[in-house]
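Participant: This one is target-v2.pdb, PDB, C-alpha atoms and all ligand atoms.
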ATOM      1  CA  MET A  31     -10.302   4.813 -20.618
ATOM      2  CA  SER A  32      -7.499   6.767 -22.217
ATOM      3  CA  SER A  33      -5.712   5.075 -25.123
ATOM      4  CA  THR A  34      -2.532   6.964 -24.303
ATOM      5  CA  CYS A  35      -2.520   6.274 -20.569
ATOM      6  CA  LEU A  36       0.054   3.688 -19.485
ATOM      7  CA  PHE A  37      -2.069   2.271 -16.684
ATOM      8  CA  CYS A  38      -5.245   2.121 -18.812
ATOM      9  CA  ARG A  39      -3.193   0.127 -21.312
ATOM     10  CA  ILE A  40      -2.047  -2.230 -18.544
ATOM     11  CA  VAL A  41      -5.674  -2.723 -17.452
ATOM     12  CA  ASN A  42      -6.597  -3.522 -21.060
ATOM     13  CA  GLY A  43      -3.766  -6.011 -21.428
ATOM     14  CA  GLU A  44      -2.025  -3.949 -24.116
ATOM     15  CA  ILE A  45       1.072  -3.651 -21.925
ATOM     16  CA  PRO A  46       2.155  -6.593 -19.767
ATOM     17  CA  ALA A  47       2.290  -6.325 -15.997
ATOM     18  CA  LYS A  48       2.645  -8.765 -13.128
ATOM     19  CA  LYS A  49      -0.982  -8.819 -12.039
ATOM     20  CA  LEU A  50      -1.742  -9.327  -8.388
ATOM     21  CA  TYR A  51      -5.509  -8.771  -8.301
ATOM     22  CA  GLU A  52      -8.407  -7.815 -10.550
ATOM     23  CA  ASP A  53     -12.147  -7.338 -10.206
ATOM     24  CA  ASP A  54     -14.717  -5.229 -12.061
ATOM     25  CA  ASP A  55     -13.485  -1.972 -10.537
ATOM     26  CA  VAL A  56      -9.909  -2.395  -9.389
ATOM     27  CA  PHE A  57      -6.607  -3.723 -10.732
ATOM     28  CA  ALA A  58      -3.375  -4.336  -8.796
ATOM     29  CA  PHE A  59       0.105  -5.152 -10.107
ATOM     30  CA  TRP A  60       3.698  -5.207  -8.925
ATOM     31  CA  ASP A  61       5.652  -2.007  -9.422
ATOM     32  CA  ILE A  62       8.270  -2.313 -12.155
ATOM     33  CA  THR A  63      10.832  -0.388 -10.067
ATOM     34  CA  PRO A  64      10.198  -1.567  -6.518
ATOM     35  CA  GLN A  65      11.219   0.758  -3.707
ATOM     36  CA  ALA A  66      10.756  -1.884  -0.995
ATOM     37  CA  PRO A  67      10.877  -5.705  -0.847
ATOM     38  CA  LYS A  68       7.135  -5.667  -1.576
ATOM     39  CA  HIS A  69       5.859  -2.792  -3.717
ATOM     40  CA  PHE A  70       2.662  -2.932  -5.713
ATOM     41  CA  LEU A  71       0.159  -0.482  -7.142
ATOM     42  CA  VAL A  72      -3.629  -0.549  -6.790
ATOM     43  CA  ILE A  73      -5.615   1.420  -9.350
ATOM     44  CA  PRO A  74      -9.243   2.021 -10.242
ATOM     45  CA  LYS A  75     -10.016   0.744 -13.721
ATOM     46  CA  LYS A  76     -11.789   4.058 -14.301
ATOM     47  CA  HIS A  77      -9.319   6.625 -15.577
ATOM     48  CA  LEU A  78      -8.851   9.369 -12.987
ATOM     49  CA  SER A  79      -5.730  11.477 -13.426
ATOM     50  CA  GLY A  80      -4.961  11.517  -9.705
ATOM     51  CA  PRO A  81      -6.364  12.201  -6.233
ATOM     52  CA  GLY A  82      -7.249  15.725  -7.305
ATOM     53  CA  ALA A  83      -9.659  14.344  -9.911
ATOM     54  CA  VAL A  84     -11.697  12.293  -7.432
ATOM     55  CA  SER A  85     -15.313  13.457  -7.261
ATOM     56  CA  VAL A  86     -18.102  12.563  -4.857
ATOM     57  CA  GLU A  87     -19.269   9.812  -7.203
ATOM     58  CA  ASP A  88     -15.833   8.164  -6.960
ATOM     59  CA  GLU A  89     -15.661   8.058  -3.154
ATOM     60  CA  ALA A  90     -16.752   4.436  -2.835
ATOM     61  CA  LEU A  91     -14.377   3.399  -5.606
ATOM     62  CA  ILE A  92     -11.366   5.020  -3.957
ATOM     63  CA  GLY A  93     -12.356   3.540  -0.602
ATOM     64  CA  LYS A  94     -12.314   0.170  -2.320
ATOM     65  CA  VAL A  95      -8.828   0.864  -3.720
ATOM     66  CA  VAL A  96      -7.612   1.454  -0.151
ATOM     67  CA  ARG A  97      -9.391  -1.624   1.240
ATOM     68  CA  ILE A  98      -8.012  -3.879  -1.495
ATOM     69  CA  GLY A  99      -4.530  -2.422  -0.983
ATOM     70  CA  ALA A 100      -4.582  -3.203   2.731
ATOM     71  CA  GLU A 101      -5.998  -6.692   2.150
ATOM     72  CA  LEU A 102      -3.397  -7.515  -0.490
ATOM     73  CA  ALA A 103      -0.659  -6.230   1.815
ATOM     74  CA  LYS A 104      -1.827  -8.628   4.532
ATOM     75  CA  GLU A 105      -2.069 -11.525   2.056
ATOM     76  CA  ASN A 106       1.469 -10.804   0.907
ATOM     77  CA  GLY A 107       2.969 -10.719   4.371
ATOM     78  CA  VAL A 108       3.298  -6.948   4.756
ATOM     79  CA  GLU A 109       0.273  -5.987   6.844
ATOM     80  CA  GLN A 110       2.371  -3.134   8.239
ATOM     81  CA  CYS A 111       3.030  -1.066   5.175
ATOM     82  CA  ARG A 112       3.144   2.403   3.658
ATOM     83  CA  LEU A 113       0.197   3.443   1.469
ATOM     84  CA  VAL A 114       0.970   6.442  -0.724
ATOM     85  CA  MET A 115      -0.804   8.437  -3.404
ATOM     86  CA  ASN A 116       1.243  11.103  -5.103
ATOM     87  CA  ASN A 117      -0.814  14.056  -6.326
ATOM     88  CA  GLY A 118       0.924  16.101  -9.009
ATOM     89  CA  ALA A 119       4.432  16.232 -10.429
ATOM     90  CA  GLU A 120       5.898  18.206  -7.540
ATOM     91  CA  ALA A 121       4.728  15.474  -5.175
ATOM     92  CA  GLY A 122       6.453  12.844  -7.321
ATOM     93  CA  GLN A 123       3.587  11.724  -9.543
ATOM     94  CA  THR A 124       4.881  10.471 -12.890
ATOM     95  CA  VAL A 125       1.929   8.425 -14.151
ATOM     96  CA  PHE A 126      -1.290  10.412 -14.361
ATOM     97  CA  HIS A 127      -3.732   7.607 -13.638
ATOM     98  CA  LEU A 128      -4.572   7.532  -9.942
ATOM     99  CA  HIS A 129      -2.647   4.802  -8.116
ATOM    100  CA  LEU A 130      -2.109   3.726  -4.553
ATOM    101  CA  HIS A 131       1.447   2.601  -3.818
ATOM    102  CA  VAL A 132       1.669  -0.180  -1.239
ATOM    103  CA  LEU A 133       5.193  -0.643   0.108
ATOM    104  CA  GLY A 134       6.317  -3.045   2.791
ATOM    105  CA  GLY A 135       8.983  -5.400   3.976
ATOM    106  CA  ARG A 136      11.392  -2.856   5.409
ATOM    107  CA  PRO A 137      11.240  -0.139   8.063
ATOM    108  CA  MET A 138       9.865   3.141   6.714
ATOM    109  CA  SER A 139      11.118   6.540   7.746
ATOM    110  CA  TRP A 140       9.203   9.784   8.093
ATOM    111  CA  PRO A 141       9.095  12.407   6.682
ATOM    112  CA  PRO A 142       9.457  11.224   3.082
ATOM    113  CA  GLY A 143      12.124  12.900   0.972
TER     114      GLY A 143
HETATM  115  P1  LIG B 201       4.213   7.825  -9.311
HETATM  116  O1  LIG B 201       5.631   8.337  -9.385
HETATM  117  O2  LIG B 201       3.554   7.992  -7.991
HETATM  118  O3  LIG B 201       3.390   8.360 -10.470
HETATM  119  O4  LIG B 201       4.334   6.253  -9.494
HETATM  120  C1  LIG B 201       4.369   5.615 -10.730
HETATM  121  C2  LIG B 201       4.871   4.236 -10.489
HETATM  122  O5  LIG B 201       4.587   3.430 -11.618
HETATM  123  C3  LIG B 201       6.381   4.161 -10.255
HETATM  124  O6  LIG B 201       6.649   3.565  -8.992
HETATM  125  C4  LIG B 201       6.866   3.282 -11.415
HETATM  126  O7  LIG B 201       7.939   2.446 -11.050
HETATM  127  C5  LIG B 201       5.620   2.513 -11.782
HETATM  128  N1  LIG B 201       5.573   2.029 -13.150
HETATM  129  C6  LIG B 201       5.838   2.747 -14.265
HETATM  130  N2  LIG B 201       5.645   1.973 -15.366
HETATM  131  C7  LIG B 201       5.260   0.751 -14.905
HETATM  132  C8  LIG B 201       4.929  -0.492 -15.538
HETATM  133  N3  LIG B 201       4.961  -0.623 -16.867
HETATM  134  N4  LIG B 201       4.589  -1.538 -14.748
HETATM  135  C9  LIG B 201       4.572  -1.411 -13.397
HETATM  136  N5  LIG B 201       4.868  -0.271 -12.749
HETATM  137  C10 LIG B 201       5.205   0.789 -13.494
HETATM  138 ZN    ZN B 202      -5.631   5.737 -17.332
END
When written as structure tokens, how does the structure in this file appear?

Facilitator:
Amino acid sequence: MSSTCLFCRIVNGEIPAKKLYEDDDVFAFWDITPQAPKHFLVIPKKHLSGPGAVSVEDEALIGKVVRIGAELAKENGVEQCRLVMNNGAEAGQTVFHLHLHVLGGRPMSWPPG
């Protein structure tokens, strides 16, 4: 846990968020600036700064983040969706607590901008 990390503070309830799912390891909430009709974030409760900080011991945890993201997408009517993790500022990462974006509800183009 990092007391200065926005997403750690959301997990701890210090900052409000529209929670979608929570268990012992994972937390999911709607993105505050949605980029699609359905856009939510799935995060490990453990503070990891991003994909580049994932170690072997975190592999099961990050697999769970992906599984929960896909399940929540299906439950929310967007089984066909875009799952994105930005890794570093140049890639568009602005919050340095690993998060999986799940976006759906509109056609997606490729490549991303
Ligand atoms: P990234 O640019 O990949 O780091 O994504 C960070 C995401 O967090 C962006 O899509 C933001 O809209 C979202 N975000 C930032 N602050 C909040 C918040 N307080 N509640 C929900 N989503 C947030
Ligand atoms: Zn954090």

Participant: If we count all atoms listed in the file, what is near Lys94 of chain A at a cut-off of 10 Å, once residues fewer than 3 positions away on the same chain are taken out, given as a list of chain:residue names?

Facilitator: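 Everything that qualifies: A:Asp55, A:Val56, A:Val72, A:Ile73, A:Pro74, A:Asp88, A:Glu89, A:Ala90, A:Leu91, A:Arg97, A:Ile98, A:Gly99, A:Ala100.
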
Participant: Which residues are near ligand LIG 201 (chain B) in this structure, taking near to mean any atom at most 12 Å from a ligand atom and counting only C-alpha atoms and all ligand atoms? Format them as a PyMOL selection string.

Facilitator: chain A and resi 35-41+43-50+57-66+68-73+79-81+113-133

Participant: Tell me which of A:Thr34, A:Ser85, A:Asn106, A:Ser139 sits closest to ligand ZN 202 (chain B), counting only C-alpha atoms and all ligand atoms.

Facilitator: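 Once distances to ligand ZN 202 (chain B) are computed over only C-alpha atoms and all ligand atoms, the minimum belongs to A:Thr34.
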
Participant: Distance atom CA of Lys76 of chain A-atom CA of Leu102 of chain A, one decimal place?

Facilitator: 19.9 Å

Participant: To one decimal place, how far is atom CA of Tyr51 of chain A from atom CA of Glu101 of chain A in Å?

Facilitator: 10.7 Å
